[in-house]
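Notes follow the structure.
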Amino acid sequence: MKYNILLVLLLIAGVTFAQVRIEGVVKDSIGTPLELANVIAINQATQKLDSYGITNDEGRYKLSLEKNTSYTIQVSYVGMKTAQAAIETTDQPILKDFVLQSDNALDAVELVYEMPVTVKGDTIVYNADSFRSGTERKLGDVLKKLPGVELNDDGEIEVEGKTVGKVMVEGKDFFDGDSKLAVENIPANAIDKVEVLKNYAEVSQLRGVTNNQDNIAINIKLKEGKKKFWFGTVTGGLGDSDKETLYLAQPKLFYYSPEYSVNLIGDLNNLGEVAFTRRDYFKFTGGFRSPSRSSGTNINIGSNDIGFLTVQNNRAKYINTKFGAANFSYSPSKTLDLSGFAIFSNSRTDLQEDRFVTFTDPDLNIPDEDTESNTTQRSDLGMLKLSTSYKPNVNNQLDYDVLARTSKESQDQIFFSSVLGNIDQLENTSPYSFNQNLNYYYTLDENNIFAFEVQHLLQEEDPFYNAILEDKANYDNTANVLGLDNAQIDYNVAQQKIVKSNQIDAKLDYWNVLNAKSDINFTLGTIYSKQDFDSDIFQYLDNGSIFNPTNTFPDYPDGNDIAYTFSDVYLGLHYRLKSGIFTFTPGVSAHAYSAKNNQFNVGFTDNFFRVLPDFNTRVQLKNSEQIIFNYRMSTNFTDVNQLARGLVLNNYNALFSGNQELESALAHNVNLSYFSFNMFNYTNVVARLSYSKTVDRIRTTSQFQPGSVVRVSTPFNSNFADENASANARLEKTLGKFRVRVSGNFDYSKFNQFINNRRSINKNYTYTYRTGLSTNFREAPNFEISYRHSIQDNNQGENKTTFFTRAPSIEFDALIFKKFTFKTDYSYNNFSNEDITINSFEFWNASLAYKKDQDSKWELELRATNLLDTQSQNRSNIGNVSVSEVEYFIQPRFVTFRLRYEL
C-alpha cells in the first residue's frame with residue numbers, strides 16, 4: 001500500500017510541475033478588492049476552458065495553466081463590465097492584476113464560456129456541463145464531481161460537511177426534497193445548473209429570526225428543451241443465472257412547467273438493485289418535523305416493527321423488488337400550491353448468515369453461541385402524502401399536510417443454535433400510521449412575527465411472533481418459566497402484540513425584533529401522548545388447539561394490558577444577539593411534566609417540573625468559514641413498551657418484563673463544529689466534536705439461565721451515568737483536475753451493563769480513517785482511488801475484542817471514441833482480529849455501454865456485477881451483552897444486457 005501511495009504522490013507531483021501559475025488581484029476602479037469575482041482561462045488553440053477560479057476576501061485569484069500556451073483570461077463580477085487579457089505562458093509564474101469598471105463604463109465583452117462555479121450571496125451555482133465528461137447518467141454522477149459536494153455512505157448529499165435537507169427541481173420539491181431518490185433517478189443529461197442554497201428557510205417570513213446556517217437545499221435547473229416537455233429514460237434488461245432468468249425494467253419520466261410538475265419512477269428487477277429500502281421507508285419523513293423538536297423534550301413512542309435482518313444487495317443471496325412512485329405539484333394561482341406523492345414498494349429477499357456470538361463476561365457461565373440462519377423476507381410498503389400551501393400575501397402563510405403509511409411484512413427463518421438446537425421462526429406485521437400537520441405564519445409588522453404549528457400522529461402496530469423449538473430439552477427451563485405444556489412434540493410458542501399511539505404536538509411562537517442585531521422569541525407549547533399496549537403469549541398444541549400458559553414468575557403477570565399517557569406543557573424564551581462575527585442565542589424552557597400508566601388496576605404517576613437551558617454561539621469568520629458551539633440539556637422519556645410488566649417474548653431467547661415505575665433521563669449534549677470552504681483555493685475543511693452524558697438513563701438488567709443463552713431483561717433507571725463522545729474531521733483539496741480527500745472518525749461510548757446481578761462497564765472505541773484521490777478530466781479517463789482502515793475495540797466487562805477492516809478500492813470510467821462508456825469498480829476487504837484474518841473478500845463490477853453519438857436516444861449496455869463470484873463477506877456487530885462476527889452469503893455473479901431510451 002505504501003508503494004501505491006508513493007506512485008499517486010509522484011503522479012500528482014508530475015502533473016503539478018507540468019503547469020505554471022498565474023495569480024493577481026481583482027479590484028474596482030477606486031482600488032477596493034472584489035471578493036467572489038470569477039476568473040477563467042480559455043486556451044486560444046483549443047478554445048476550451050482550461051482553468052477557473054474565484055477571488056478571496058482580498059481580491060486575490062490564482063490559476064494553474066499549461067506551459068508555453070496562449071490564453072485569454074476573462075474576469076467578471078456582478079454589476080461590473082467583464083475584463084479580459086491575452087497572455088502567453090512560459091515556465092515562469094505570472095502576476096496579472098485586473099481593474100473592473102462599473103457597468104456603464106465600457107462596451108460589453110462577450111463571455112465565451114460560462115463560469116463553472118458562481119457565488120451569489122448564499123447561493124453557489126454550479127454549471128453542470130463544466131464538470132461532465134460524458135459518462136454521467138444520473139444526478140449523483142454529476143454531484144460527485146462538484147467541489148464541496150459529497151455523497152455519503154447512506155446516499156445522502158452533503159455540502160461543505162452539512163447534509164442537504166431538500167432537493168428541488170425548478171423550485172418544486174422533488175418527493176418532498178428526498179435527496180436519495182433525486183440522486184438515483186434524475187437524469188444527468190437534463191441538468192443545466194445545480195444551485196446550492198445555503199441558510200435556506202422553509203418559511204420566508206422566519207428567515208430573519210431563525211438560525212438557518214445549517215439548512216441547505218439544492219435546486220436543479222433544467223436545460224432548455226426539458227421544460228414543458230416530457231423527458232427521462234426507460235431502461236430494460238435481461239440476463240441469466242443458475243436459478244432463474246434475470247430482468248430489469250426502470251421507467252423514469254418527468255414533466256416540468258411553471259404551473260405544474262409530474263415525476264414518475266418505476267423499478268422492477270431481481271438483480272438486487274434496491275431502489276427504495278425499508279431503511280429509506282422509515283427514514284422518509286415526508287417533510288414532517290416535530291414542532292417541539294427544539295424544546296428540550298424527547299419522547300420516543302417506540303417502534304414495534306419486526307426485526308428484519310439488514311437487507312443490501314451485498315448482504316443477501318436473492319432480492320426481487322418492485323417499486324413505483326409518483327410525485328406532483330400544481331399551482332392553480334400565485335397564492336396556492338398543491339403537491340403530493342405516492343410510493344409503493346414490494347420486495348422478496350433471501351438471506352443466509354453464519355454468526356459467532358461472544359458474551360460479555362466469561363465468568364458468568366454464558367456459553368458462546370454459533371448460529372446459522374436461512375431467512376425469507378416479504379415486504380409491501382405504501383405511503384401517500386398530500387400538501388397544500390396558501391400564501392395570500394407576504395404576511396400570511398397557511399400550510400397543511402397529511403401523510404398516511406401502511407405496510408405488510410413477514411419474515412420466515414430456519415435457524416440453528418449450537419446451544420438451543422433447531423428453531424423455526426415466523427414474524428409478521430401490518431401496521432399503519434396517519435400523520436397530519438397544520439402550520440400558520442403571520443407577520444403583524446416588520447418587528448412582530450407569529451407562528452403556530454401543530455402535528456397529530458395516529459398509529460397502530462400489530463407484530464406477531466412464532467417460534468418452534470424442535471430440541472425440547474435445551475428449552476425446558478425457559479418453557480417452565482413460561483408455563484408451557486411440555487407434553488408436546490416440540491415447543492410451539494407465539495405472541496401477539498397490539499400497540500396504539502395517539503400523539504399531538506403543538507406550539508405557538510412569537511418573535512419581537514428589537515433592532516437590526518437582536519430579537520427575542522417566546523414559545524408556548526404542549527405535547528400530549530396516549531399509548532395502549534396489549535400482549536399475550538400462547539402455545540400451539542399438537543392437536544391444533546391453543547393453550548394459554550401461566551408463567552412461574554410471581555412478580556410478572558400473564559399478558560399485558562396497559563394504558564400510558566404523557567403530557568408536557570412548556571414555556572420557552574430565547575434571545576438572539578449579533579455582535580460583529582458572533583451570534584449568541586441563549587435560551588431556557590420551563591416544563592411541567594406528567595407521565596401516568598395503569599396496568600392490572602395498579603397506577604403510577606410521575607409529575608415534576610424542570611428547567612432546561614440551551615446555548616448556541618456562531619462565529620462567522622468569513623462568508624464560508626464558521627465555528628458553531630451548541631449546548632442543550634434535554635429530558636428523555638421512554639415509551640409504553642418499556643413499562644409493561646407482563647412478560648414479552650422479544651425473541652426465542654430473549655424475554656422482557658417492563659418496569660411500571662420508570663422515570664425520565666436527563667441528558668447533557670455538547671457540540672463544537674468548524675466549517676470552511678475556500679473558493680479561492682478549493683479547500684474544504686469540516687471538523688466536529690460532540691459529547692453527551694446521560695443521567696438516570698434507562699438500562700436493562702439481564703438474568704441468564706445457567707449454562708444457556710436465554711435471558712430475562714428488565715429496564716431500570718441506572719444511577720451510573722453513560723457517556724458518548726465522537727470526533728471527526730475531513731479535508732478536501734482540489735488541485736487542478738485532481739481532488740484529494742482525507743478523513744478520520746473516532747467514536748467512544750461508555751455504558752453500564754448489568755448481567756446476573758453483576759455490573760460491568762462497557763467501553764467501545766471505533767477508529768476509521770479514509771483517504772482518496774479522484775480526477776475530473778473532461779476528455780481523459782477518470783478514476784477514484786480510496787482506502788479505508790477501521791479499528792473496532794470493544795471492552796465489555798472481562799471480555800475484550802478487537803476487529804480490523806482494511807478496504808482499498810478503485811473506480812474507473814472512460815468515454816472511448818465518444819461512443820463507448822466503460823465503467824468499473826473494484827474493492828478488497830480484509831476482516832481480521834488481533835490474531836488471524838477472519839475473512840478477505842473482493843468485489844468487482846464492470847459495464848460497457850454503446851451510444852452512437854451524444855444526440856442519440858438509444859444506448860446499449862453490458863453490465864456485470866460480482867465478476868469474481870465472491871460467495872460471502874464479514875462484519876462485526878456490537879450488542880449490549882455480546883459481540884458477534886457475522887458472515888453474510890451474497891448474490892453470485894450476474895451478467896445482464898440492457899437497453900436504455902432517452903425521451
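Order determines the names: the first chain of the C-alpha cells is A, the second B, and so forth; residues in each chain are numbered 1 upward, and ligands are numbered 1 upward as they are shown.
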- Task: Would you return as number ranges by chain the members of segment 232-431 of chain A that DSSP assigns to strand (DSSP E) on this structure's backbone?
- Result: A: 232-240, 245-256, 260-269, 297-299, 318-333, 336-359, 369-393, 396-417, 421-429
Dump of C-alpha atoms for the selected residues, as a short mmCIF file (atom, residue, chain, number, x, y, z; two decimals), in the first residue's frame:
```cif
data_model
loop_
_atom_site.label_atom_id
_atom_site.label_comp_id
_atom_site.auth_asym_id
_atom_site.auth_seq_id
_atom_site.Cartn_x
_atom_site.Cartn_y
_atom_site.Cartn_z
CA GLY A 232 -36.46 11.00 -18.77
CA THR A 233 -35.28 7.48 -19.50
CA VAL A 234 -36.70 3.99 -19.91
CA THR A 235 -34.33 1.09 -19.25
CA GLY A 236 -34.93 -2.61 -19.81
CA GLY A 237 -32.57 -5.50 -19.23
CA LEU A 238 -32.28 -9.30 -19.37
CA GLY A 239 -29.76 -11.83 -18.13
CA ASP A 240 -29.38 -15.39 -16.96
CA THR A 245 -33.91 -15.51 -15.80
CA LEU A 246 -32.74 -12.05 -14.72
CA TYR A 247 -34.77 -8.99 -15.63
CA LEU A 248 -34.81 -5.23 -15.13
CA ALA A 249 -37.36 -2.52 -16.02
CA GLN A 250 -36.79 1.11 -14.96
CA PRO A 251 -39.08 3.84 -16.37
CA LYS A 252 -38.22 7.34 -15.09
CA LEU A 253 -40.40 10.10 -16.55
CA PHE A 254 -40.54 13.80 -15.70
CA TYR A 255 -42.56 16.84 -16.74
CA TYR A 256 -41.97 20.42 -15.55
CA TYR A 260 -47.26 22.04 -12.54
CA SER A 261 -44.83 19.14 -12.49
CA VAL A 262 -45.15 15.35 -12.58
CA ASN A 263 -42.49 12.76 -11.70
CA LEU A 264 -42.99 9.02 -12.31
CA ILE A 265 -40.42 6.45 -11.20
CA GLY A 266 -40.64 2.69 -11.58
CA ASP A 267 -38.20 -0.13 -10.89
CA LEU A 268 -38.78 -3.88 -11.26
CA ASN A 269 -35.80 -6.21 -11.04
CA THR A 297 -38.17 17.19 25.41
CA ASN A 298 -37.53 13.89 23.65
CA ILE A 299 -40.31 11.34 23.77
CA TYR A 318 -31.50 -13.06 -3.57
CA ILE A 319 -33.54 -9.84 -3.86
CA ASN A 320 -36.62 -9.28 -6.02
CA THR A 321 -38.05 -5.76 -5.86
CA LYS A 322 -40.94 -3.82 -7.36
CA PHE A 323 -41.02 -0.07 -6.79
CA GLY A 324 -43.31 2.65 -8.03
CA ALA A 325 -43.51 6.33 -7.12
CA ALA A 326 -45.39 9.36 -8.38
CA ASN A 327 -44.93 12.98 -7.36
CA PHE A 328 -46.88 16.05 -8.48
CA SER A 329 -47.06 19.76 -7.79
CA TYR A 330 -49.66 22.18 -9.08
CA SER A 331 -50.07 25.94 -8.70
CA PRO A 332 -53.59 26.92 -9.73
CA SER A 333 -52.83 30.50 -8.72
CA LEU A 336 -51.95 28.46 -3.78
CA ASP A 337 -49.61 25.47 -4.17
CA LEU A 338 -50.76 21.85 -4.14
CA SER A 339 -48.41 18.86 -4.09
CA GLY A 340 -48.24 15.23 -3.13
CA PHE A 341 -46.67 11.87 -3.74
CA ALA A 342 -47.43 8.15 -3.58
CA ILE A 343 -44.80 5.45 -3.04
CA PHE A 344 -45.20 1.68 -3.19
CA SER A 345 -42.51 -0.93 -2.69
CA ASN A 346 -42.67 -4.73 -2.80
CA SER A 347 -39.71 -6.98 -2.12
CA ARG A 348 -38.85 -10.62 -1.54
CA THR A 349 -35.42 -11.32 -0.07
CA ASP A 350 -33.49 -14.49 0.80
CA LEU A 351 -30.66 -14.27 3.31
CA GLN A 352 -28.15 -16.71 4.76
CA GLU A 353 -25.98 -15.80 7.74
CA ASP A 354 -23.47 -17.52 10.00
CA ARG A 355 -22.82 -15.81 13.29
CA PHE A 356 -20.41 -16.40 16.19
CA VAL A 357 -21.52 -14.67 19.40
CA THR A 358 -19.23 -13.94 22.33
CA PHE A 359 -20.93 -12.77 25.52
CA GLU A 369 -23.03 -19.42 20.51
CA ASP A 370 -22.68 -20.37 16.86
CA THR A 371 -25.79 -19.77 14.77
CA GLU A 372 -26.82 -20.47 11.19
CA SER A 373 -29.90 -18.97 9.60
CA ASN A 374 -31.77 -19.05 6.30
CA THR A 375 -34.40 -16.33 6.04
CA THR A 376 -37.07 -15.30 3.58
CA GLN A 377 -38.48 -11.80 3.90
CA ARG A 378 -41.54 -10.36 2.17
CA SER A 379 -42.42 -6.71 2.40
CA ASP A 380 -45.15 -4.45 0.99
CA LEU A 381 -44.73 -0.76 1.86
CA GLY A 382 -47.07 2.06 0.92
CA MET A 383 -47.01 5.80 1.55
CA LEU A 384 -49.27 8.65 0.42
CA LYS A 385 -48.94 12.37 1.10
CA LEU A 386 -50.96 15.44 0.11
CA SER A 387 -49.89 19.01 0.87
CA THR A 388 -51.26 22.48 0.37
CA SER A 389 -49.71 25.89 0.95
CA TYR A 390 -51.73 29.11 0.79
CA LYS A 391 -49.91 32.47 0.70
CA PRO A 392 -52.42 35.28 0.08
CA ASN A 393 -49.73 37.90 0.75
CA ASN A 396 -49.63 35.27 5.81
CA GLN A 397 -48.90 31.63 5.07
CA LEU A 398 -51.02 28.57 5.85
CA ASP A 399 -49.71 25.01 5.30
CA TYR A 400 -51.48 21.69 5.71
CA ASP A 401 -50.03 18.22 5.13
CA VAL A 402 -51.35 14.72 5.59
CA LEU A 403 -49.20 11.59 5.37
CA ALA A 404 -50.52 8.02 5.51
CA ARG A 405 -48.38 4.89 5.75
CA THR A 406 -49.24 1.22 5.68
CA SER A 407 -47.25 -1.96 5.29
CA LYS A 408 -47.49 -5.73 5.34
CA GLU A 409 -44.34 -7.63 6.19
CA SER A 410 -43.31 -11.15 7.10
CA GLN A 411 -40.11 -12.98 7.91
CA ASP A 412 -39.70 -16.80 7.87
CA GLN A 413 -36.49 -18.12 9.34
CA ILE A 414 -34.93 -21.57 9.65
CA PHE A 415 -32.46 -21.17 12.49
CA PHE A 416 -29.85 -23.35 14.16
CA SER A 417 -28.23 -22.53 17.50
CA GLY A 421 -30.71 -26.56 18.50
CA ASN A 422 -33.13 -26.15 15.58
CA ILE A 423 -35.66 -23.30 15.68
CA ASP A 424 -38.23 -22.19 13.13
CA GLN A 425 -39.32 -18.57 13.45
CA LEU A 426 -42.18 -16.67 11.84
CA GLU A 427 -42.85 -12.94 12.20
CA ASN A 428 -45.44 -10.74 10.52
CA THR A 429 -46.98 -7.33 10.99
#
```
Write out as a tab-separated table a residue-level contact list of segment 771-812 of chain A versus segment 144-154 of chain A with cut-off 9 Å: for each qualifying residue the closest pair of atoms and the distance in Å to one decimal, counting only C-alpha atoms, rows sorted by chain and residue number upward.
```
residue	atom	partner	partner_atom	distance
A:Ser774	CA	A:Lys145	CA	9.0
A:Thr775	CA	A:Lys145	CA	8.5
A:Asn776	CA	A:Lys145	CA	6.7
```
Restricted to C-alpha atoms, what would the selected residues look like written as a PDB file, in the first residue's frame?
```pdb
ATOM      1  CA  SER A 774     -10.129  11.347  -7.738  1.00  0.00           C
ATOM      2  CA  THR A 775      -9.832  13.089 -11.086  1.00  0.00           C
ATOM      3  CA  ASN A 776     -12.211  15.184 -13.164  1.00  0.00           C
TER       4      ASN A 776
END
```
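Going from atom CA of Asn641 of chain A over to atom CA of Gly658 of chain A, you cover 7.1 Å.
Counting only C-alpha atoms and comparing A:Lys750, A:Arg739, A:Arg688, A:Lys180, the residue that lies closest to Asp722 of chain A is A:Lys750.
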- Long-range neighbours of Met115 of chain A as a PyMOL selection string, 10 Å cut-off, only C-alpha atoms, 6 positions minimum in chain: chain A and resi 38-40+49+51-54+74-76+125-127+130
- Task: Write down as a ChimeraX atom specification the residues belonging to segment 120-242 of chain A that are assigned alpha helix (DSSP H) by DSSP computed on the backbone.
- Result: /A:139-143,179-185
Any chance you can output those residues with N, CA and C atoms as a PDB file, in the first residue's frame?
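The result, written out as part14.pdb:
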```pdb
ATOM      1  N   LEU A 139     -28.110  12.145 -11.530  1.00  0.00           N
ATOM      2  CA  LEU A 139     -27.701  13.312 -10.751  1.00  0.00           C
ATOM      3  C   LEU A 139     -26.509  13.006  -9.859  1.00  0.00           C
ATOM      4  N   GLY A 140     -26.495  11.844  -9.217  1.00  0.00           N
ATOM      5  CA  GLY A 140     -25.396  11.502  -8.322  1.00  0.00           C
ATOM      6  C   GLY A 140     -24.046  11.509  -9.001  1.00  0.00           C
ATOM      7  N   ASP A 141     -24.002  11.098 -10.273  1.00  0.00           N
ATOM      8  CA  ASP A 141     -22.738  11.097 -11.013  1.00  0.00           C
ATOM      9  C   ASP A 141     -22.205  12.517 -11.195  1.00  0.00           C
ATOM     10  N   VAL A 142     -23.118  13.483 -11.354  1.00  0.00           N
ATOM     11  CA  VAL A 142     -22.712  14.881 -11.515  1.00  0.00           C
ATOM     12  C   VAL A 142     -22.278  15.469 -10.176  1.00  0.00           C
ATOM     13  N   LEU A 143     -23.063  15.213  -9.130  1.00  0.00           N
ATOM     14  CA  LEU A 143     -22.779  15.816  -7.825  1.00  0.00           C
ATOM     15  C   LEU A 143     -21.409  15.417  -7.292  1.00  0.00           C
ATOM     16  N   SER A 179     -33.358  13.425  -0.872  1.00  0.00           N
ATOM     17  CA  SER A 179     -32.131  13.527  -1.653  1.00  0.00           C
ATOM     18  C   SER A 179     -31.750  12.214  -2.314  1.00  0.00           C
ATOM     19  N   LYS A 180     -32.035  11.079  -1.655  1.00  0.00           N
ATOM     20  CA  LYS A 180     -31.609   9.803  -2.239  1.00  0.00           C
ATOM     21  C   LYS A 180     -32.395   9.484  -3.495  1.00  0.00           C
ATOM     22  N   LEU A 181     -33.705   9.706  -3.501  1.00  0.00           N
ATOM     23  CA  LEU A 181     -34.498   9.480  -4.706  1.00  0.00           C
ATOM     24  C   LEU A 181     -34.027  10.392  -5.840  1.00  0.00           C
ATOM     25  N   ALA A 182     -33.661  11.619  -5.493  1.00  0.00           N
ATOM     26  CA  ALA A 182     -33.174  12.548  -6.512  1.00  0.00           C
ATOM     27  C   ALA A 182     -31.841  12.089  -7.085  1.00  0.00           C
ATOM     28  N   VAL A 183     -30.933  11.697  -6.223  1.00  0.00           N
ATOM     29  CA  VAL A 183     -29.591  11.285  -6.646  1.00  0.00           C
ATOM     30  C   VAL A 183     -29.647  10.107  -7.606  1.00  0.00           C
ATOM     31  N   GLU A 184     -30.550   9.155  -7.352  1.00  0.00           N
ATOM     32  CA  GLU A 184     -30.580   7.918  -8.124  1.00  0.00           C
ATOM     33  C   GLU A 184     -31.444   8.004  -9.383  1.00  0.00           C
ATOM     34  N   ASN A 185     -32.281   9.039  -9.515  1.00  0.00           N
ATOM     35  CA  ASN A 185     -33.280   8.994 -10.582  1.00  0.00           C
ATOM     36  C   ASN A 185     -33.286  10.172 -11.547  1.00  0.00           C
TER      37      ASN A 185
END
```
Please produce, as CSV, a per-residue contact table for segment 542-578 of chain A versus segment 618-624 of chain A (criterion: any atom at most 12 Å away, only C-alpha atoms considered), showing the nearest atom pair and its distance in Å to one decimal, sorted by chain then residue number.
```
residue,atom,partner,partner_atom,distance
A:Arg576,CA,A:Arg618,CA,10.8
A:Leu577,CA,A:Arg618,CA,10.5
A:Lys578,CA,A:Arg618,CA,9.3
```
May I have the residues from that selection written out with C-alpha atoms, as a CSV table (one decimal), in the first residue's frame?
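The new file part15.csv reads:
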```
chain,number,residue,atom,x,y,z
A,576,ARG,CA,-30.5,36.3,19.8
A,577,LEU,CA,-27.8,38.9,19.6
A,578,LYS,CA,-25.4,39.6,16.6
```
